[in-house]
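Encoded as structure tokens, the structure appears first; notes follow it.
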Amino acid sequence: MATIQASILLSRSASPSPTPTPKVQTHRLSARKLNGQQKFHTITKTSTERHRNRINTRKEAEPNIEASEELHSIMNLVADRAVMHQNIGIQRDNWNHLLLTSINGMTVTAATMAALAAVSGEGNSLLALKLSSTILYAAATGVLLVMNKIQPSQLAEEQRNASRLLKQLHEQIKSGITLRKPTSNDVKDAMERVLAIDRAYPLPLLGAMLDKFPKAVEPAVWWPKEMRNQKESFGGGKGEGRRNGWSKELEEEMRGVVGVMKRKDSAEYLRLSKLVLTVNKVLAVTGPWLTGLAAVGSALVRTPWVGSWAVVFGVVFGALATVVNTIEHGGQIGMIFEMYRSTAGFFMLMEESIESTLEERAAEERENGEVFETEVALKLGRSLSELKNLASFSSSFTSSSSSSNSESTEEDYIDISIAVGASKGLVVPVIRNDEKMNFAEIEKEINTLAKMELYQLMKWLEGLSQSRMVAFMEAS
């Protein structure tokens with residue numbers, strides 16, 4: 001140990017002293033040349049500050065022992081948090097099963113008691129059945145309100161995502177320490193990513209839980225806003241050689257992949273997230289509403305002025321509440337919503353990663369192009385040939401839907417123009433909204449137009465609605 005410390009001291013003493021701040025030669029400059037002493041002072045101060053910033057940036061990028069120790073501490077903290085989120089996820093999943101079983105058991109028991117109260121005799125037995133059924137329904141309503149508020153299945157999915165992301169970060173930090181000497185920039189990147197994951201998936205405390213029914217559905221974001229290249233930050237090497245495996249064809253392929261993900265994948269998963277959220281909102285309101293009505297019905301069983309409707313409310317609404325609760329929590333609708341939201345965030349991360357890589361103009365500073373292409377294909381679950389086909393589909397879509405000034409226009413209707421020869425000239429009417437017609441209807445319209453004379457055709461056009469055919473021209 002003493003030998004290691006002595007070698008460290010010798011290496012530090014042998015290392016060159018820090019680069020001194022150069023003195024700007026000012027004797028050659030005059031106030032006349034700079035149009036005043038104030039301007040001269042400003043230029044001297046600006047150049048000195050720029051040099052200091054370059055020195056500070058160089059120091060942050062230099063490897064040091066303190067950065068390695070800090071990264072080891074962060075790595076241990078990340079491993080501990082991953083286990084914590086995993087345990088909480090298992091606990092919340094158990095909550096979902098236990099609460100659902102308990103609520104359904106109370107609801108079925110209460111419905112059975114309400115039905116028995118309708119056929120039992122008078123006296124204490126009737127009162128006991130009605131009171132027990134009402135209490136069970138009221139308890140089921142209260143527990144169900146809390147369960148719908150916290151959504152245990154969604155909480156479990158959030159903790160599973162947090163545990164998975166923290167385990168990935170732990171492995172990246174570990175490989176970065178192993179492959180190369182860490183720097184201060186690596187420590188900052190690791191801290192930013194840990195905090196970003198904590199903001200995206202906080203520990204499920206009552207004051208820090210995510211809103212389970214947000215007004216606006218957005219993709220999950222678990223990475224810093226100013227995300228650096230992960231391979232560069234945590235030990236990935238930069239490729240060598242000419243163009244670093246990049247070519248114009250590969251860049252166009254990556255841009256095409258980004259275009260497809262934006263138009264199809266991200267938008268589709270956001271649409272599904274909104275749909276599932278709407279279904280979950282309806283079920284979350286319907287379940288307690290049904291158990292509440294069942295509680296009122298069971299309390300009014302055998303009441304003269306209500307009649308048999310009280311039994312219907314107490315039994316039928318209890319059965320419906322059981323079905324609704326099973327669909328919502330047994331089907332884990334909250335978990336499905338979080339899964340779609342996280343998947344939309346995954347595609348958003350892929351888009352930003354590809355775009356940030358393409359923004360680096362110097363190909364030598366990027367990750368190797370062939371390796372990057374393989375990683376993108378594997379993350380999207382496709383082979384390299386399928387990835388190229390996906391990019392070619394994007395380029396063909398863009399070229400077919402863009403105008404000469406590169407403005408993309410997409411129409412949701414189809415019109416057909418038909419040239420019809422008449423006795424007094426050529427008429428070209430337009431059949432509007434053909435997407436609403438089948439082939440037989442379109443063929444019938446064409447045959448009708450072809451058999452008409454010009455005069456009859458003009459009269460016929462005047463009587464048609466504007467949505468079917470609104471324009472025609474006559475050629476001499």
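Ordering of the structure tokens sets the chain letters (A, B, ...), residue numbers begin anew at 1 in every chain, and ligands are numbered from 1 in the order given.
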
For this session: Would you list the contacts of stretch 111-127 of chain A as a list in words, taking every protein, DNA or RNA residue within 9 Å and counting only C-alpha atoms, but skipping same-chain residues closer than 5 positions in sequence?
Result: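 Final neighbour list, sorted by chain and number: Met106, Ser132, Ser133, Thr134, Tyr137, Ala294, Gly297, Ser298, Ala299, Val301, Arg302, Ser308, Ala310, Val311, Val312, Gly314, Val315, Val316, Phe317, Gly318 and Ala319 of chain A.
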
Dump of N, CA, C and O atoms for the selected residues, as a PDB file, in the first residue's frame:
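Saved result, out-v5.pdb, follows:
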ATOM      1  N   MET A 106     -65.615  -9.562  -1.403  1.00  0.00           N
ATOM      2  CA  MET A 106     -66.605  -8.783  -0.643  1.00  0.00           C
ATOM      3  C   MET A 106     -67.846  -8.485  -1.484  1.00  0.00           C
ATOM      4  O   MET A 106     -68.978  -8.539  -0.979  1.00  0.00           O
ATOM      5  N   SER A 132     -75.178  -6.399   6.952  1.00  0.00           N
ATOM      6  CA  SER A 132     -73.912  -6.994   6.517  1.00  0.00           C
ATOM      7  C   SER A 132     -73.636  -6.714   5.039  1.00  0.00           C
ATOM      8  O   SER A 132     -72.510  -6.384   4.642  1.00  0.00           O
ATOM      9  N   SER A 133     -74.673  -6.850   4.202  1.00  0.00           N
ATOM     10  CA  SER A 133     -74.500  -6.576   2.779  1.00  0.00           C
ATOM     11  C   SER A 133     -74.131  -5.125   2.530  1.00  0.00           C
ATOM     12  O   SER A 133     -73.237  -4.812   1.718  1.00  0.00           O
ATOM     13  N   THR A 134     -74.786  -4.223   3.240  1.00  0.00           N
ATOM     14  CA  THR A 134     -74.497  -2.796   3.062  1.00  0.00           C
ATOM     15  C   THR A 134     -73.069  -2.462   3.501  1.00  0.00           C
ATOM     16  O   THR A 134     -72.358  -1.704   2.830  1.00  0.00           O
ATOM     17  N   TYR A 137     -70.553  -3.810   0.879  1.00  0.00           N
ATOM     18  CA  TYR A 137     -70.553  -2.969  -0.322  1.00  0.00           C
ATOM     19  C   TYR A 137     -69.854  -1.630  -0.071  1.00  0.00           C
ATOM     20  O   TYR A 137     -69.095  -1.135  -0.913  1.00  0.00           O
ATOM     21  N   ALA A 294     -75.193  -0.550  -5.419  1.00  0.00           N
ATOM     22  CA  ALA A 294     -75.547  -1.842  -4.829  1.00  0.00           C
ATOM     23  C   ALA A 294     -75.693  -1.732  -3.314  1.00  0.00           C
ATOM     24  O   ALA A 294     -76.565  -2.382  -2.717  1.00  0.00           O
ATOM     25  N   GLY A 297     -79.056  -0.226  -2.688  1.00  0.00           N
ATOM     26  CA  GLY A 297     -80.107  -1.204  -2.948  1.00  0.00           C
ATOM     27  C   GLY A 297     -80.223  -2.248  -1.861  1.00  0.00           C
ATOM     28  O   GLY A 297     -81.339  -2.628  -1.450  1.00  0.00           O
ATOM     29  N   SER A 298     -79.069  -2.736  -1.363  1.00  0.00           N
ATOM     30  CA  SER A 298     -79.124  -3.752  -0.301  1.00  0.00           C
ATOM     31  C   SER A 298     -79.680  -3.186   1.000  1.00  0.00           C
ATOM     32  O   SER A 298     -80.322  -3.902   1.777  1.00  0.00           O
ATOM     33  N   ALA A 299     -79.470  -1.899   1.254  1.00  0.00           N
ATOM     34  CA  ALA A 299     -80.020  -1.287   2.466  1.00  0.00           C
ATOM     35  C   ALA A 299     -81.530  -1.120   2.391  1.00  0.00           C
ATOM     36  O   ALA A 299     -82.202  -1.057   3.427  1.00  0.00           O
ATOM     37  N   VAL A 301     -83.661  -3.271   0.790  1.00  0.00           N
ATOM     38  CA  VAL A 301     -84.355  -4.533   0.493  1.00  0.00           C
ATOM     39  C   VAL A 301     -85.545  -4.706   1.442  1.00  0.00           C
ATOM     40  O   VAL A 301     -85.451  -4.416   2.639  1.00  0.00           O
ATOM     41  N   ARG A 302     -86.659  -5.159   0.871  1.00  0.00           N
ATOM     42  CA  ARG A 302     -87.914  -5.409   1.604  1.00  0.00           C
ATOM     43  C   ARG A 302     -88.547  -4.119   2.122  1.00  0.00           C
ATOM     44  O   ARG A 302     -89.376  -4.152   3.019  1.00  0.00           O
ATOM     45  N   SER A 308     -89.391  -4.432  -5.447  1.00  0.00           N
ATOM     46  CA  SER A 308     -88.349  -5.394  -5.838  1.00  0.00           C
ATOM     47  C   SER A 308     -87.132  -4.738  -6.485  1.00  0.00           C
ATOM     48  O   SER A 308     -86.122  -5.415  -6.727  1.00  0.00           O
ATOM     49  N   ALA A 310     -85.048  -2.745  -5.209  1.00  0.00           N
ATOM     50  CA  ALA A 310     -83.913  -2.750  -4.291  1.00  0.00           C
ATOM     51  C   ALA A 310     -83.090  -4.023  -4.429  1.00  0.00           C
ATOM     52  O   ALA A 310     -81.854  -4.003  -4.384  1.00  0.00           O
ATOM     53  N   VAL A 311     -83.772  -5.160  -4.607  1.00  0.00           N
ATOM     54  CA  VAL A 311     -83.056  -6.422  -4.791  1.00  0.00           C
ATOM     55  C   VAL A 311     -82.281  -6.409  -6.105  1.00  0.00           C
ATOM     56  O   VAL A 311     -81.152  -6.903  -6.197  1.00  0.00           O
ATOM     57  N   VAL A 312     -82.901  -5.847  -7.153  1.00  0.00           N
ATOM     58  CA  VAL A 312     -82.213  -5.760  -8.448  1.00  0.00           C
ATOM     59  C   VAL A 312     -80.941  -4.946  -8.302  1.00  0.00           C
ATOM     60  O   VAL A 312     -79.868  -5.333  -8.793  1.00  0.00           O
ATOM     61  N   GLY A 314     -79.208  -4.345  -5.534  1.00  0.00           N
ATOM     62  CA  GLY A 314     -78.244  -4.982  -4.656  1.00  0.00           C
ATOM     63  C   GLY A 314     -77.546  -6.173  -5.251  1.00  0.00           C
ATOM     64  O   GLY A 314     -76.373  -6.424  -4.944  1.00  0.00           O
ATOM     65  N   VAL A 315     -78.229  -6.918  -6.122  1.00  0.00           N
ATOM     66  CA  VAL A 315     -77.648  -8.147  -6.685  1.00  0.00           C
ATOM     67  C   VAL A 315     -77.016  -7.892  -8.052  1.00  0.00           C
ATOM     68  O   VAL A 315     -75.848  -8.223  -8.297  1.00  0.00           O
ATOM     69  N   VAL A 316     -77.784  -7.280  -8.964  1.00  0.00           N
ATOM     70  CA  VAL A 316     -77.294  -7.103 -10.345  1.00  0.00           C
ATOM     71  C   VAL A 316     -76.123  -6.138 -10.391  1.00  0.00           C
ATOM     72  O   VAL A 316     -75.094  -6.398 -11.048  1.00  0.00           O
ATOM     73  N   PHE A 317     -76.222  -5.007  -9.703  1.00  0.00           N
ATOM     74  CA  PHE A 317     -75.129  -4.044  -9.730  1.00  0.00           C
ATOM     75  C   PHE A 317     -73.880  -4.594  -9.045  1.00  0.00           C
ATOM     76  O   PHE A 317     -72.757  -4.264  -9.430  1.00  0.00           O
ATOM     77  N   GLY A 318     -74.074  -5.453  -8.033  1.00  0.00           N
ATOM     78  CA  GLY A 318     -72.908  -6.092  -7.423  1.00  0.00           C
ATOM     79  C   GLY A 318     -72.207  -7.026  -8.389  1.00  0.00           C
ATOM     80  O   GLY A 318     -70.966  -7.067  -8.454  1.00  0.00           O
ATOM     81  N   ALA A 319     -72.983  -7.776  -9.165  1.00  0.00           N
ATOM     82  CA  ALA A 319     -72.379  -8.664 -10.164  1.00  0.00           C
ATOM     83  C   ALA A 319     -71.661  -7.862 -11.252  1.00  0.00           C
ATOM     84  O   ALA A 319     -70.550  -8.217 -11.693  1.00  0.00           O
TER      85      ALA A 319
END

Taking the DSSP assignment computed from this structure's backbone, write out as a short mmCIF file (atom, residue, chain, number, x, y, z; two decimals) with C-alpha atoms, in the first residue's frame all residues of stretch 142-361 of chain A that belong to helix (DSSP H, G or I).
data_model
loop_
_atom_site.label_atom_id
_atom_site.label_comp_id
_atom_site.auth_asym_id
_atom_site.auth_seq_id
_atom_site.Cartn_x
_atom_site.Cartn_y
_atom_site.Cartn_z
CA GLY A 142 -63.87 2.64 -0.33
CA VAL A 143 -61.09 0.15 -1.09
CA LEU A 144 -61.89 0.32 -4.79
CA LEU A 145 -61.62 4.12 -4.81
CA VAL A 146 -58.13 3.89 -3.31
CA MET A 147 -57.12 1.09 -5.67
CA ASN A 148 -58.32 2.99 -8.73
CA LYS A 149 -56.42 6.05 -7.54
CA ILE A 150 -53.02 4.39 -7.11
CA PRO A 152 -51.14 -0.99 -8.45
CA SER A 153 -50.57 -2.67 -11.82
CA GLN A 154 -49.30 0.60 -13.30
CA LEU A 155 -47.11 1.19 -10.24
CA ALA A 156 -45.59 -2.26 -10.67
CA GLU A 157 -44.83 -1.57 -14.34
CA GLU A 158 -43.18 1.76 -13.46
CA GLN A 159 -40.91 0.06 -10.91
CA ARG A 160 -40.01 -2.70 -13.37
CA ASN A 161 -39.01 -0.08 -15.93
CA ALA A 162 -36.94 1.82 -13.36
CA SER A 163 -35.18 -1.36 -12.24
CA ARG A 164 -34.39 -2.34 -15.84
CA LEU A 165 -33.01 1.11 -16.73
CA LEU A 166 -30.90 1.30 -13.56
CA LYS A 167 -29.42 -2.13 -14.27
CA GLN A 168 -28.50 -0.98 -17.79
CA LEU A 169 -26.88 2.15 -16.38
CA HIS A 170 -24.96 0.07 -13.83
CA GLU A 171 -23.52 -2.14 -16.58
CA GLN A 172 -22.59 0.88 -18.71
CA ILE A 173 -20.76 2.56 -15.83
CA LYS A 174 -19.02 -0.71 -15.00
CA SER A 175 -17.85 -1.23 -18.58
CA GLY A 176 -16.74 2.42 -18.78
CA ILE A 177 -14.52 2.05 -15.72
CA THR A 178 -13.10 -1.21 -17.07
CA LEU A 179 -12.36 -0.11 -20.63
CA SER A 184 -15.19 14.36 -14.71
CA ASN A 185 -17.50 14.42 -17.72
CA ASP A 186 -18.33 10.75 -17.12
CA VAL A 187 -19.28 11.53 -13.52
CA LYS A 188 -21.58 14.36 -14.64
CA ASP A 189 -23.21 12.14 -17.27
CA ALA A 190 -23.85 9.37 -14.75
CA MET A 191 -25.37 11.78 -12.23
CA GLU A 192 -27.63 13.36 -14.85
CA ARG A 193 -28.89 9.98 -16.02
CA VAL A 194 -29.60 8.76 -12.48
CA LEU A 195 -31.58 11.92 -11.75
CA ALA A 196 -33.46 11.63 -15.06
CA ILE A 197 -34.53 8.05 -14.27
CA ASP A 198 -35.59 9.13 -10.78
CA ARG A 199 -37.75 11.91 -12.27
CA ALA A 200 -39.33 9.55 -14.80
CA GLN A 230 -23.69 6.91 -24.50
CA LYS A 231 -20.95 5.02 -26.23
CA GLU A 232 -18.58 7.96 -25.94
CA SER A 233 -19.48 8.71 -22.33
CA ARG A 242 -11.92 6.70 -43.54
CA ARG A 243 -15.40 8.08 -42.85
CA ASN A 244 -15.57 5.77 -39.80
CA GLY A 245 -17.94 3.36 -41.52
CA LYS A 248 -24.15 9.19 -47.59
CA GLU A 249 -26.33 6.13 -48.19
CA LEU A 250 -26.14 5.16 -44.51
CA GLU A 251 -27.00 8.70 -43.39
CA GLU A 252 -30.02 8.76 -45.70
CA GLU A 253 -31.02 5.33 -44.39
CA MET A 254 -30.91 6.58 -40.78
CA ARG A 255 -32.94 9.68 -41.69
CA GLY A 256 -35.50 7.44 -43.35
CA VAL A 257 -35.72 5.25 -40.24
CA VAL A 258 -36.32 8.34 -38.09
CA GLY A 259 -39.07 9.47 -40.45
CA VAL A 260 -40.86 6.13 -40.24
CA MET A 261 -40.63 6.04 -36.44
CA LYS A 262 -42.07 9.54 -36.14
CA ARG A 263 -44.97 8.89 -38.54
CA LYS A 264 -45.87 5.36 -37.52
CA ASP A 265 -44.40 3.98 -34.30
CA SER A 266 -44.37 6.98 -31.96
CA ALA A 267 -47.70 8.31 -33.18
CA GLU A 268 -49.33 4.86 -33.06
CA TYR A 269 -48.24 4.10 -29.50
CA LEU A 270 -49.33 7.54 -28.32
CA ARG A 271 -52.72 6.92 -29.92
CA LEU A 272 -52.98 3.56 -28.17
CA SER A 273 -51.95 5.15 -24.87
CA LYS A 274 -54.76 7.70 -25.14
CA LEU A 275 -57.26 4.98 -26.01
CA VAL A 276 -56.25 2.77 -23.07
CA LEU A 277 -56.28 5.78 -20.72
CA THR A 278 -59.84 6.61 -21.77
CA VAL A 279 -60.96 3.02 -21.16
CA ASN A 280 -59.25 3.01 -17.77
CA LYS A 281 -60.95 6.26 -16.76
CA VAL A 282 -64.37 4.84 -17.62
CA LEU A 283 -63.73 1.63 -15.69
CA ALA A 284 -62.26 3.49 -12.69
CA VAL A 285 -65.45 5.57 -12.38
CA THR A 286 -67.90 2.78 -13.18
CA GLY A 287 -66.65 0.28 -10.55
CA PRO A 288 -67.19 2.41 -7.41
CA TRP A 289 -70.40 3.80 -8.86
CA LEU A 290 -71.85 0.28 -9.23
CA THR A 291 -70.82 -0.87 -5.75
CA GLY A 292 -72.25 2.34 -4.27
CA LEU A 293 -75.62 1.79 -5.94
CA ALA A 294 -75.55 -1.84 -4.83
CA ALA A 295 -74.98 -0.71 -1.24
CA VAL A 296 -78.02 1.57 -1.41
CA GLY A 297 -80.11 -1.20 -2.95
CA SER A 298 -79.12 -3.75 -0.30
CA ALA A 299 -80.02 -1.29 2.47
CA TRP A 309 -86.05 -2.77 -7.43
CA ALA A 310 -83.91 -2.75 -4.29
CA VAL A 311 -83.06 -6.42 -4.79
CA VAL A 312 -82.21 -5.76 -8.45
CA PHE A 313 -79.86 -2.96 -7.44
CA GLY A 314 -78.24 -4.98 -4.66
CA VAL A 315 -77.65 -8.15 -6.69
CA VAL A 316 -77.29 -7.10 -10.34
CA PHE A 317 -75.13 -4.04 -9.73
CA GLY A 318 -72.91 -6.09 -7.42
CA ALA A 319 -72.38 -8.66 -10.16
CA LEU A 320 -71.64 -5.92 -12.72
CA ALA A 321 -69.14 -4.32 -10.33
CA THR A 322 -67.30 -7.64 -10.06
CA VAL A 323 -67.04 -7.86 -13.85
CA VAL A 324 -65.82 -4.26 -14.20
CA ASN A 325 -63.19 -4.65 -11.46
CA THR A 326 -61.92 -7.88 -12.98
CA ILE A 327 -61.55 -6.25 -16.40
CA GLU A 328 -59.75 -3.18 -15.01
CA HIS A 329 -57.39 -4.73 -12.47
CA GLY A 330 -57.37 -8.36 -13.59
CA ILE A 333 -55.29 -1.77 -17.88
CA GLY A 334 -53.01 0.63 -15.98
CA MET A 335 -50.00 -1.54 -16.75
CA ILE A 336 -50.93 -1.58 -20.45
CA PHE A 337 -51.14 2.21 -20.48
CA GLU A 338 -47.69 2.54 -18.92
CA MET A 339 -46.28 -0.05 -21.32
CA TYR A 340 -47.54 1.89 -24.36
CA ARG A 341 -46.27 5.16 -22.89
CA SER A 342 -42.82 3.69 -22.24
CA THR A 343 -42.70 2.21 -25.74
CA ALA A 344 -43.48 5.63 -27.21
CA GLY A 345 -40.63 7.00 -25.08
CA PHE A 346 -38.33 4.28 -26.42
CA PHE A 347 -38.98 5.33 -30.01
CA MET A 348 -38.53 8.97 -29.01
CA LEU A 349 -35.14 8.09 -27.51
CA MET A 350 -34.17 6.24 -30.69
CA GLU A 351 -35.11 9.27 -32.78
CA GLU A 352 -33.06 11.64 -30.62
CA SER A 353 -30.08 9.25 -30.58
CA ILE A 354 -30.01 8.95 -34.37
CA GLU A 355 -30.54 12.67 -34.92
CA SER A 356 -27.84 13.66 -32.42
CA THR A 357 -25.42 11.26 -34.11
CA LEU A 358 -26.18 12.66 -37.57
CA GLU A 359 -25.73 16.22 -36.28
#

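The space separating atom CA of A:Gln332 from atom CA of A:Gln151 comes to 8.7 Å.
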
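Our summary of the geometry notes that atom CA of A:Val78 is positioned 27.5 Å from atom CA of A:Val371.
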